[in-house]
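Undergrad: Just one file: target-v7.txt, with compact mmCIF, C-alpha atoms.
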# COMPACT_ATOMS: atom_id res chain seq x y z
CA MET T 1 9.60 16.95 -20.78
CA ALA T 2 13.01 18.61 -21.03
CA SER T 3 14.54 15.93 -18.82
CA TYR T 4 12.80 13.27 -20.95
CA ARG T 5 14.56 14.64 -24.03
CA GLU T 6 17.93 14.45 -22.25
CA ILE T 7 17.64 10.67 -21.81
CA PRO T 8 19.62 9.04 -24.63
CA PRO T 9 17.61 7.02 -27.17
CA GLY T 10 17.46 3.37 -26.23
CA GLU T 11 17.94 4.07 -22.52
CA PRO T 12 15.02 3.27 -20.20
CA VAL T 13 12.93 6.18 -18.93
CA ARG T 14 12.68 6.24 -15.15
CA LEU T 15 11.94 8.70 -12.40
CA ALA T 16 14.84 10.48 -10.74
CA LYS T 17 13.57 10.36 -7.16
CA ARG T 18 15.37 9.49 -3.95
CA THR T 19 12.49 8.07 -1.95
CA SER T 20 10.22 5.11 -2.58
CA ASN T 21 7.74 2.83 -0.85
CA LEU T 22 8.56 -0.08 -3.15
CA PHE T 23 10.20 -3.17 -1.71
CA ARG T 24 11.55 -4.69 -4.87
CA PRO T 25 15.13 -3.70 -5.77
CA ARG T 26 15.81 -2.26 -9.19
CA THR T 27 18.77 -2.77 -11.51
CA PRO T 28 20.68 0.55 -11.48
CA VAL T 29 21.06 2.47 -14.73
CA SER T 30 23.57 5.17 -15.57
CA ALA T 31 21.25 7.29 -17.72
CA PRO T 32 19.63 10.36 -16.14
CA GLY T 33 16.03 10.05 -15.01
CA LEU T 34 12.96 12.23 -15.25
CA ASP T 35 13.25 15.35 -13.11
CA VAL T 36 10.22 15.33 -10.79
CA SER T 37 11.58 17.84 -8.27
CA GLY T 38 8.87 20.34 -9.20
CA LEU T 39 5.96 17.91 -9.02
CA GLY T 40 5.50 17.51 -5.28
CA GLY T 41 2.80 20.03 -4.43
CA VAL T 42 -0.92 20.58 -4.06
CA ILE T 43 -2.11 22.81 -6.92
CA ALA T 44 -5.56 23.66 -5.56
CA VAL T 45 -8.28 22.52 -3.18
CA ASP T 46 -11.88 23.29 -4.13
CA PRO T 47 -13.98 23.06 -0.95
CA GLN T 48 -17.26 23.60 -2.79
CA ARG T 49 -16.76 20.83 -5.33
CA ARG T 50 -14.80 18.75 -2.81
CA THR T 51 -11.92 18.14 -5.20
CA ALA T 52 -8.18 18.64 -5.18
CA ASP T 53 -5.72 19.03 -8.04
CA VAL T 54 -2.46 17.46 -6.95
CA GLN T 55 0.91 16.93 -8.58
CA GLY T 56 1.91 13.33 -9.14
CA MET T 57 4.80 13.23 -6.65
CA CYS T 58 2.86 14.95 -3.87
CA THR T 59 2.85 12.84 -0.73
CA TYR T 60 -0.34 12.07 1.12
CA GLU T 61 1.20 13.80 4.13
CA ASP T 62 1.36 17.09 2.22
CA LEU T 63 -2.06 16.56 0.66
CA VAL T 64 -3.75 15.90 4.00
CA ALA T 65 -2.05 18.98 5.45
CA ALA T 66 -3.69 21.02 2.68
CA THR T 67 -7.17 19.48 2.84
CA LEU T 68 -7.81 19.13 6.60
CA PRO T 69 -8.01 22.92 7.13
CA HIS T 70 -10.96 22.82 4.71
CA GLY T 71 -12.59 19.99 6.67
CA LEU T 72 -11.83 17.52 3.88
CA MET T 73 -9.66 14.47 3.20
CA PRO T 74 -9.06 12.07 0.29
CA LEU T 75 -11.58 9.23 0.21
CA VAL T 76 -8.76 6.75 0.86
CA VAL T 77 -5.57 7.84 2.64
CA PRO T 78 -2.88 5.13 2.46
CA GLN T 79 -1.31 4.49 5.82
CA LEU T 80 2.25 5.77 5.20
CA ARG T 81 2.97 9.49 5.01
CA THR T 82 5.35 9.45 2.04
CA ILE T 83 3.23 7.39 -0.34
CA THR T 84 2.65 9.67 -3.33
CA LEU T 85 -0.58 10.25 -5.21
CA GLY T 86 0.99 9.01 -8.42
CA GLY T 87 2.31 5.92 -6.68
CA ALA T 88 -1.02 5.04 -5.07
CA VAL T 89 -2.97 5.56 -8.30
CA SER T 90 -0.56 3.61 -10.51
CA GLY T 91 0.13 0.95 -7.89
CA LEU T 92 -1.20 -0.11 -4.52
CA GLY T 93 -3.15 2.02 -2.07
CA ILE T 94 -5.54 0.86 0.62
CA GLU T 95 -6.77 1.88 4.05
CA SER T 96 -9.63 1.56 6.51
CA THR T 97 -12.15 3.37 4.28
CA SER T 98 -11.57 0.88 1.45
CA PHE T 99 -14.45 -1.36 2.57
CA ARG T 100 -16.70 1.46 1.35
CA ASP T 101 -14.63 3.74 -0.93
CA GLY T 102 -12.50 1.18 -2.73
CA LEU T 103 -8.97 2.02 -3.84
CA PRO T 104 -7.33 5.44 -4.40
CA HIS T 105 -7.62 5.31 -8.18
CA GLU T 106 -11.40 5.01 -7.88
CA SER T 107 -11.71 8.59 -6.63
CA VAL T 108 -9.65 9.99 -9.54
CA LEU T 109 -11.65 12.28 -11.84
CA GLU T 110 -8.89 12.98 -14.37
CA LEU T 111 -5.12 12.88 -14.63
CA ASP T 112 -2.33 14.27 -16.77
CA VAL T 113 0.21 11.65 -17.78
CA LEU T 114 3.67 11.96 -19.30
CA THR T 115 3.63 8.97 -21.63
CA GLY T 116 6.46 6.80 -22.83
CA ALA T 117 6.33 8.69 -26.13
CA GLY T 118 7.17 11.94 -24.31
CA ASP T 119 3.72 13.54 -24.58
CA ILE T 120 1.56 14.90 -21.77
CA VAL T 121 -2.07 13.89 -22.21
CA THR T 122 -5.16 14.35 -20.04
CA ALA T 123 -6.98 11.09 -19.36
CA THR T 124 -10.63 11.08 -18.28
CA PRO T 125 -13.22 8.28 -18.06
CA GLY T 126 -15.03 9.21 -21.26
CA GLY T 127 -12.47 11.24 -23.18
CA GLU T 128 -10.02 10.65 -26.00
CA HIS T 129 -7.62 8.89 -23.64
CA ALA T 130 -10.15 6.80 -21.74
CA ASP T 131 -8.09 3.68 -22.47
CA LEU T 132 -5.17 5.20 -20.57
CA PHE T 133 -7.46 6.20 -17.69
CA GLU T 134 -8.73 2.62 -17.38
CA THR T 135 -5.38 0.86 -17.57
CA PHE T 136 -3.28 3.31 -15.54
CA PRO T 137 -4.14 1.66 -12.17
CA ASN T 138 -1.67 -1.14 -11.44
CA SER T 139 0.50 -0.17 -14.40
CA TYR T 140 3.40 0.90 -12.13
CA GLY T 141 4.85 3.41 -14.56
CA THR T 142 4.76 1.12 -17.60
CA LEU T 143 2.41 3.50 -19.45
CA GLY T 144 3.68 6.80 -18.11
CA TYR T 145 3.86 8.95 -15.00
CA ALA T 146 1.11 11.11 -13.56
CA THR T 147 2.01 14.79 -13.39
CA ARG T 148 -1.39 16.08 -12.19
CA ILE T 149 -4.29 14.21 -10.63
CA ARG T 150 -7.75 15.54 -9.78
CA ILE T 151 -9.42 13.57 -6.99
CA GLU T 152 -12.62 13.65 -4.99
CA LEU T 153 -12.53 14.64 -1.34
CA ALA T 154 -14.74 13.68 1.59
CA PRO T 155 -15.80 15.72 4.65
CA VAL T 156 -14.21 15.00 8.01
CA ARG T 157 -15.11 15.60 11.64
CA ARG T 158 -12.91 16.50 14.55
CA ASN T 159 -12.10 13.05 15.93
CA VAL T 160 -12.36 9.34 15.22
CA ALA T 161 -13.76 7.13 17.98
CA LEU T 162 -12.39 3.57 17.95
CA ARG T 163 -13.76 0.31 19.22
CA HIS T 164 -11.54 -2.78 19.24
CA VAL T 165 -13.54 -6.01 18.96
CA GLY T 166 -11.77 -9.29 19.68
CA PHE T 167 -12.26 -12.63 17.90
CA ASP T 168 -10.89 -16.07 18.75
CA ASP T 169 -11.98 -17.57 15.43
CA PRO T 170 -11.02 -16.08 12.03
CA ALA T 171 -14.25 -17.41 10.54
CA LEU T 172 -16.27 -15.32 13.00
CA LEU T 173 -14.12 -12.29 12.20
CA ALA T 174 -14.79 -12.82 8.48
CA LYS T 175 -18.56 -13.01 9.12
CA ALA T 176 -18.39 -9.76 11.07
CA VAL T 177 -16.60 -8.12 8.14
CA GLU T 178 -19.31 -9.28 5.74
CA GLN T 179 -22.04 -7.92 8.02
CA ILE T 180 -20.32 -4.54 8.46
CA VAL T 181 -19.76 -4.16 4.72
CA ALA T 182 -23.42 -4.95 4.07
CA ASP T 183 -24.90 -2.75 6.82
CA GLY T 184 -22.31 -0.04 7.43
CA SER T 185 -22.73 -0.67 11.15
CA TYR T 186 -21.98 -3.15 13.93
CA GLU T 187 -24.33 -3.85 16.81
CA GLY T 188 -26.29 -0.72 15.94
CA GLU T 189 -23.28 1.61 15.80
CA ALA T 190 -22.11 3.24 12.56
CA VAL T 191 -18.78 2.10 11.13
CA ASP T 192 -16.89 4.69 9.07
CA PHE T 193 -13.46 3.00 9.22
CA LEU T 194 -12.61 -0.69 9.35
CA ASP T 195 -9.36 -2.61 9.68
CA GLY T 196 -7.85 -5.14 12.07
CA VAL T 197 -4.86 -7.04 13.35
CA ALA T 198 -4.35 -10.78 13.84
CA PHE T 199 -1.76 -11.04 16.62
CA GLU T 200 -1.61 -14.83 16.79
CA PRO T 201 -3.87 -17.81 16.06
CA GLY T 202 -7.06 -17.38 18.06
CA ARG T 203 -6.35 -13.73 18.91
CA ALA T 204 -7.46 -11.14 16.37
CA PHE T 205 -9.21 -7.79 16.51
CA LEU T 206 -11.29 -5.63 14.23
CA THR T 207 -10.96 -1.90 14.85
CA LEU T 208 -14.22 -0.09 14.13
CA GLY T 209 -13.93 3.67 13.70
CA ARG T 210 -16.68 6.25 13.58
CA TRP T 211 -16.64 10.01 13.19
CA SER T 212 -17.00 11.99 16.42
CA SER T 213 -17.51 15.73 16.76
CA GLY T 214 -17.60 15.78 20.54
CA ALA T 215 -14.85 16.84 22.87
CA GLY T 216 -12.80 14.31 24.77
CA SER T 217 -9.30 13.31 25.73
CA THR T 218 -7.47 11.95 22.69
CA SER T 219 -4.60 9.47 22.67
CA ASP T 220 -1.13 10.29 21.38
CA TYR T 221 0.81 7.45 19.75
CA THR T 222 3.73 9.56 18.56
CA GLY T 223 5.35 9.45 22.02
CA GLN T 224 6.00 6.51 24.33
CA ALA T 225 2.68 4.77 23.66
CA ILE T 226 2.54 2.44 20.65
CA TYR T 227 -0.65 2.23 18.63
CA TYR T 228 -0.75 -1.42 17.58
CA ARG T 229 -0.24 -2.57 21.16
CA SER T 230 -3.22 -0.49 22.28
CA ILE T 231 -5.54 -2.54 20.09
CA ALA T 232 -5.24 -5.53 22.41
CA GLU T 233 -4.96 -3.45 25.58
CA ARG T 234 -8.10 -1.30 25.49
CA ASP T 235 -11.66 -1.62 24.24
CA THR T 236 -12.15 1.96 23.05
CA ASP T 237 -10.01 4.91 22.03
CA LEU T 238 -10.27 8.42 20.62
CA LEU T 239 -7.88 10.03 18.12
CA THR T 240 -7.88 13.31 16.26
CA VAL T 241 -8.55 12.80 12.57
CA HIS T 242 -4.94 13.77 11.80
CA ASP T 243 -3.50 11.28 14.28
CA TYR T 244 -5.88 8.58 13.12
CA LEU T 245 -4.79 8.92 9.50
CA TRP T 246 -1.13 8.52 10.49
CA ARG T 247 -1.58 6.06 13.37
CA TRP T 248 0.37 3.35 11.52
CA ASP T 249 3.20 5.54 10.26
CA THR T 250 4.94 6.31 13.57
CA ASP T 251 5.99 2.69 14.07
CA TRP T 252 5.61 1.52 10.45
CA PHE T 253 2.77 -0.64 11.76
CA TRP T 254 4.92 -2.76 14.15
CA CYS T 255 8.10 -2.96 12.08
CA SER T 256 9.94 -0.27 14.08
CA ARG T 257 10.69 -2.93 16.69
CA ALA T 258 13.36 -4.32 14.33
CA PHE T 259 15.34 -1.11 14.93
CA GLY T 260 14.83 -1.08 18.69
CA ALA T 261 12.49 1.92 18.45
CA GLN T 262 9.89 0.25 20.67
CA HIS T 263 12.28 -0.30 23.60
CA PRO T 264 11.29 2.25 26.27
CA VAL T 265 14.82 3.62 26.70
CA VAL T 266 15.62 3.77 22.99
CA ARG T 267 12.22 5.35 22.32
CA ARG T 268 12.88 8.18 24.75
CA LEU T 269 16.17 8.91 23.02
CA TRP T 270 14.79 8.54 19.47
CA PRO T 271 13.51 12.00 18.37
CA ARG T 272 9.82 12.05 17.44
CA ARG T 273 10.55 13.63 14.07
CA TYR T 274 12.53 10.50 13.15
CA ARG T 275 9.81 8.03 14.17
CA ARG T 276 8.50 7.77 10.63
CA SER T 277 8.15 5.12 7.98
CA ASP T 278 10.52 6.85 5.55
CA VAL T 279 13.28 6.89 8.18
CA TYR T 280 12.87 3.16 8.81
CA TYR T 281 12.80 2.59 5.04
CA ARG T 282 16.17 4.33 4.71
CA LEU T 283 17.57 2.15 7.48
CA ILE T 284 16.40 -0.92 5.57
CA GLY T 285 18.14 0.47 2.49
CA LEU T 286 21.40 0.78 4.42
CA GLU T 287 21.10 -2.82 5.59
CA ASN T 288 20.39 -4.01 2.03
CA ARG T 289 23.49 -2.16 0.89
CA TYR T 290 25.95 -3.10 3.63
CA GLN T 291 24.43 -6.35 4.99
CA ALA T 292 25.61 -5.61 8.54
CA ALA T 293 22.88 -7.61 10.30
CA ALA T 294 23.21 -10.47 7.81
CA ARG T 295 26.95 -10.71 8.50
CA ILE T 296 26.34 -10.79 12.25
CA ASP T 297 23.78 -13.58 11.80
CA ARG T 298 26.26 -15.62 9.75
CA ARG T 299 28.97 -15.22 12.39
CA ARG T 300 26.53 -16.42 15.04
CA GLY T 301 25.58 -19.45 12.94
CA ARG T 302 22.02 -18.32 12.34
CA PRO T 303 20.22 -19.48 9.17
CA GLU T 304 19.90 -17.23 6.16
CA ARG T 305 16.68 -15.23 6.17
CA GLU T 306 14.25 -14.52 3.35
CA ARG T 307 12.46 -11.21 3.11
CA VAL T 308 8.68 -11.68 3.10
CA VAL T 309 7.03 -8.32 2.55
CA GLN T 310 3.64 -8.73 0.91
CA ASP T 311 0.07 -7.49 0.76
CA VAL T 312 -2.47 -9.90 -0.67
CA GLU T 313 -6.22 -9.62 -1.18
CA ILE T 314 -8.21 -12.68 -0.17
CA PRO T 315 -11.99 -13.08 -0.68
CA VAL T 316 -13.57 -12.70 2.74
CA GLU T 317 -15.14 -16.15 2.63
CA ARG T 318 -11.67 -17.68 2.11
CA LEU T 319 -9.93 -15.57 4.77
CA ALA T 320 -10.08 -18.14 7.60
CA SER T 321 -8.68 -20.87 5.36
CA PHE T 322 -5.83 -18.63 4.17
CA LEU T 323 -4.89 -17.58 7.71
CA ASP T 324 -4.85 -21.24 8.79
CA TRP T 325 -2.51 -22.06 5.92
CA PHE T 326 -0.37 -18.98 6.65
CA ASP T 327 0.04 -19.91 10.32
CA ALA T 328 1.05 -23.45 9.45
CA GLU T 329 3.41 -22.64 6.57
CA VAL T 330 4.79 -19.14 7.27
CA GLY T 331 4.04 -18.27 10.88
CA MET T 332 4.62 -14.52 10.75
CA ARG T 333 2.57 -12.42 13.14
CA PRO T 334 1.09 -9.88 13.56
CA VAL T 335 -0.64 -9.45 10.22
CA TRP T 336 -2.75 -6.51 9.12
CA LEU T 337 -6.33 -7.10 7.98
CA CYS T 338 -8.01 -4.44 5.85
CA PRO T 339 -11.34 -5.15 4.11
CA LEU T 340 -11.87 -3.67 0.66
CA ARG T 341 -14.45 -3.69 -2.06
CA LEU T 342 -14.31 -2.01 -5.44
CA ARG T 343 -16.28 1.21 -5.45
CA ARG T 344 -17.60 0.77 -8.98
CA SER T 345 -19.45 -2.12 -10.55
CA GLU T 346 -16.94 -2.80 -13.35
CA ALA T 347 -13.53 -4.39 -12.95
CA TRP T 348 -10.37 -2.41 -13.63
CA PRO T 349 -8.38 -4.04 -16.47
CA LEU T 350 -5.06 -4.48 -14.64
CA TYR T 351 -6.41 -4.77 -11.09
CA PRO T 352 -7.87 -8.27 -11.17
CA ILE T 353 -10.23 -8.23 -8.21
CA ALA T 354 -13.89 -8.85 -8.90
CA PRO T 355 -16.53 -6.14 -8.49
CA GLY T 356 -19.26 -6.90 -5.99
CA THR T 357 -16.89 -9.07 -3.94
CA THR T 358 -15.52 -8.25 -0.50
CA TYR T 359 -11.81 -8.97 -0.03
CA VAL T 360 -9.56 -8.66 2.98
CA ASN T 361 -6.08 -7.33 2.47
CA VAL T 362 -3.65 -9.41 4.51
CA GLY T 363 -0.39 -7.55 5.06
CA PHE T 364 2.73 -9.20 6.48
CA TRP T 365 6.18 -7.68 6.56
CA GLY T 366 9.39 -9.19 7.87
CA THR T 367 11.80 -12.08 7.33
CA VAL T 368 11.67 -15.82 7.87
CA PRO T 369 14.55 -18.27 8.29
CA ILE T 370 15.42 -20.63 5.47
CA ALA T 371 15.93 -24.23 6.56
CA PRO T 372 19.62 -25.19 6.14
CA GLY T 373 20.32 -27.87 3.57
CA GLY T 374 17.01 -27.33 1.81
CA GLY T 375 18.55 -26.40 -1.51
CA ASP T 376 16.89 -22.97 -1.61
CA ASP T 377 18.33 -19.59 -0.70
CA ALA T 378 16.74 -16.21 -0.13
CA ASP T 379 17.12 -15.17 -3.77
CA ASP T 380 15.03 -18.16 -4.82
CA GLY T 381 12.15 -16.87 -2.68
CA PRO T 382 10.89 -20.27 -1.48
CA THR T 383 8.44 -18.84 1.06
CA ASN T 384 7.27 -16.09 -1.28
CA ARG T 385 6.65 -18.65 -4.00
CA ARG T 386 4.52 -20.75 -1.64
CA ILE T 387 2.56 -17.66 -0.71
CA GLU T 388 1.93 -16.84 -4.37
CA ALA T 389 0.59 -20.34 -4.93
CA ALA T 390 -1.61 -20.19 -1.82
CA VAL T 391 -3.05 -16.81 -2.83
CA ALA T 392 -4.02 -18.24 -6.22
CA GLU T 393 -5.56 -21.31 -4.57
CA HIS T 394 -7.69 -19.00 -2.43
CA ASP T 395 -8.85 -16.95 -5.45
CA GLY T 396 -6.85 -13.98 -4.23
CA HIS T 397 -4.69 -11.28 -5.71
CA LYS T 398 -1.21 -10.03 -4.85
CA SER T 399 0.02 -6.45 -5.11
CA LEU T 400 3.26 -5.78 -6.97
CA TYR T 401 5.07 -3.27 -4.76
CA SER T 402 7.38 -6.01 -3.45
CA ASP T 403 9.14 -9.15 -4.68
CA ALA T 404 7.31 -11.37 -7.16
CA TYR T 405 8.41 -14.75 -8.54
CA TYR T 406 5.76 -15.72 -11.10
CA ASP T 407 6.74 -17.26 -14.43
CA ARG T 408 5.89 -15.12 -17.44
CA ALA T 409 2.79 -17.00 -18.56
CA THR T 410 1.24 -17.03 -15.09
CA PHE T 411 2.01 -13.36 -14.53
CA ASP T 412 0.53 -12.32 -17.88
CA ARG T 413 -2.66 -14.21 -17.09
CA LEU T 414 -3.06 -12.93 -13.54
CA TYR T 415 -2.41 -9.29 -14.41
CA ASN T 416 -4.10 -9.13 -17.82
CA VAL T 417 -0.89 -8.08 -19.58
CA SER T 418 -2.49 -8.58 -22.99
CA ALA T 419 -4.79 -5.62 -22.26
CA LEU T 420 -1.83 -3.60 -21.01
CA GLU T 421 0.17 -4.26 -24.17
CA ILE T 422 -2.60 -2.91 -26.41
CA VAL T 423 -2.60 0.41 -24.57
CA LYS T 424 1.18 0.45 -24.24
CA GLU T 425 1.52 0.24 -28.03
CA ARG T 426 -0.41 3.51 -28.30
CA TYR T 427 1.34 5.47 -25.54
CA ASP T 428 4.81 3.92 -25.53
CA PRO T 429 5.39 2.68 -29.09
CA GLY T 430 9.16 2.85 -28.69
CA SER T 431 9.11 0.78 -25.46
CA ARG T 432 10.97 3.49 -23.56
CA LEU T 433 9.22 2.46 -20.34
CA THR T 434 10.05 -0.84 -18.66
CA GLY T 435 7.40 -3.57 -18.99
CA LEU T 436 5.33 -4.71 -16.02
CA TYR T 437 6.83 -8.20 -15.81
CA GLU T 438 10.32 -6.79 -16.16
CA LYS T 439 9.67 -4.37 -13.30
CA ALA T 440 7.75 -6.64 -10.94
CA VAL T 441 9.61 -9.92 -11.40
CA ARG T 442 12.91 -9.25 -13.15
CA ARG T 443 13.58 -6.13 -11.04
CA ARG T 444 14.56 -3.90 -13.93
What is this file in structure tokens?

TA:
Amino acid sequence: MASYREIPPGEPVRLAKRTSNLFRPRTPVSAPGLDVSGLGGVIAVDPQRRTADVQGMCTYEDLVAATLPHGLMPLVVPQLRTITLGGAVSGLGIESTSFRDGLPHESVLELDVLTGAGDIVTATPGGEHADLFETFPNSYGTLGYATRIRIELAPVRRNVALRHVGFDDPALLAKAVEQIVADGSYEGEAVDFLDGVAFEPGRAFLTLGRWSSGAGSTSDYTGQAIYYRSIAERDTDLLTVHDYLWRWDTDWFWCSRAFGAQHPVVRRLWPRRYRRSDVYYRLIGLENRYQAAARIDRRRGRPERERVVQDVEIPVERLASFLDWFDAEVGMRPVWLCPLRLRRSEAWPLYPIAPGTTYVNVGFWGTVPIAPGGGDDADDGPTNRRIEAAVAEHDGHKSLYSDAYYDRATFDRLYNVSALEIVKERYDPGSRLTGLYEKAVRRR
């Protein structure tokens, strides 16, 4: 609150933090930001009530380190270590328990929020600030910043046993997802975790995880072995619960290959402690700043490339059609597939996915070449714009952690900005916090 008061009137209020998992650039400002250096810890874990009180800038890596000794974990643990609780609750968070436990904000019991007006209020489902509790998810800091969050926890076992099931038809994969969501099992075996990878057209896998308390040799994907490759190479696997939760982080799914980190020689020389998503993110930041790779491509006569980093939720019955379109029009592979379903029976105001409906998150992260002479450049986002249109045509929803290109009217309709503005008037009457469209599309 002291750092809030130091921000000059009329200047936007932002967090002063060095790390981020957002992929949309922001316009720099000269005013100081909110000091969150003291908000990165776990306040308390209550093993009896299975809850944790956590500061808003606490990373899931630190939270998991505090809960696993109690035999507990958050209901949904996003796949990258440095995603913060506040970021996941106010933005996007999803993982392989989302087919059953929904999204991270659905296990929040209460939260303290520093509002745009400079007050700290406690928001609960039925309390005085229930409107803030309901609209905080997907608000991306436009209503305030979480300083403390109380969440539910779930019991864990020692290991997670994996089974990789292959599909040559995305329609059959989608039917399997529907059956698993309905029954909680596949071919008579319990399914506690569910996600998948589509490597190429006609070659996709669902990874079915189940808790295992038995002993056994567990795999290690923090060394020379690479997790995503194992999915297509073996039928079964066994990971400790810790290694399962962070299986995607070591190689940032498969994106570490862009830095050479998957080459056997480079991998042996690359220290394990630096095989992390936040390290790769910093390398991307250096490239965005200095454009070294882009300059090399230009000298070699290669076409300009457009960044396509997106996660979209597609209704499961439309998944096969969307993947067919994606292969024909975009052609990026692999893509991540993560089923999800809202945990509660009512929709969240700013998170426009329907209750009672199974979606599949399709995640794709990389760059695509722009055809020379086409009249578009990377800043115009031609491929991203086509993806936005295709997602809408498939009754889907797009997260806002990366670039967005919607016009104002379309954005306001898709993300229910009219509901956001009503709550924003109460908690940020002076408009100190940047609006959602300004953040997501105008990059302010």

Undergrad: Using only C-alpha atoms, which residue out of T:Lys398, T:Arg426, T:Arg150, T:Arg432 lies closest to His129 of chain T?

TA: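 Answer, going by the shortest atom-to-atom distance: T:Arg426.
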
Undergrad: Please produce, as CSV, a per-residue contact table for segment 285-368 of chain T versus segment 205-216 of chain T (criterion: any atom at most 12 Å away, all atoms listed in the file considered), showing the nearest atom pair and its distance in Å to one decimal, sorted by chain then residue number.

TA:
residue,atom,partner,partner_atom,distance
T:Pro334,CA,T:Phe205,CA,10.9
T:Val335,CA,T:Phe205,CA,10.8
T:Trp336,CA,T:Phe205,CA,9.9
T:Leu337,CA,T:Leu206,CA,8.1
T:Cys338,CA,T:Leu206,CA,9.1
T:Pro339,CA,T:Leu206,CA,10.1
T:Val360,CA,T:Leu206,CA,11.8

Undergrad: At a cut-off of 12 Å, can you tabulate as a Markdown table every residue of segment 278-360 of chain T near segment 57-77 of chain T together with its closest atom pair and the distance in Å to one decimal, using all atoms listed in the file and ordering rows by chain then number?

TA:
| residue | atom | partner | partner_atom | distance |
| --- | --- | --- | --- | --- |
| T:Asp278 | CA | T:Thr59 | CA | 11.6 |
| T:Leu340 | CA | T:Val76 | CA | 10.9 |
| T:Arg343 | CA | T:Leu75 | CA | 10.9 |

Undergrad: Atom CA of Arg413 of chain T and atom CA of Leu103 of chain T, how far apart in Å?

TA: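 These two atoms are separated by 21.9 Å.
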
Undergrad: Provide the atom CA of Lys17 of chain T to atom CA of Ala31 of chain T distance in Å, to one decimal place.

TA: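 Atom CA of Lys17 of chain T sits 13.4 Å away from atom CA of Ala31 of chain T.
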
Undergrad: What is the distance between atom CA of Pro355 of chain T and atom CA of Leu342 of chain T, in Å to one decimal?

TA: 5.6 Å

Undergrad: Go through T:Gln262, T:Glu106, T:Thr135, T:Ala320 one by one, measure the shortest atom-to-atom distance of each to Tyr415 of chain T using only C-alpha atoms, and give the residue with the smallest value.

TA: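 Of all the options, T:Thr135 lies closest to Tyr415 of chain T.
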
Undergrad: Pick out the residues sitting within 8 Å of Asp119 of chain T, and hand them over as a list in words; count only C-alpha atoms, and ignore anything fewer than 5 positions along from it in its own chain.

TA: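 Non-adjacent residues within range: Met1, Val113 and Leu114 of chain T.
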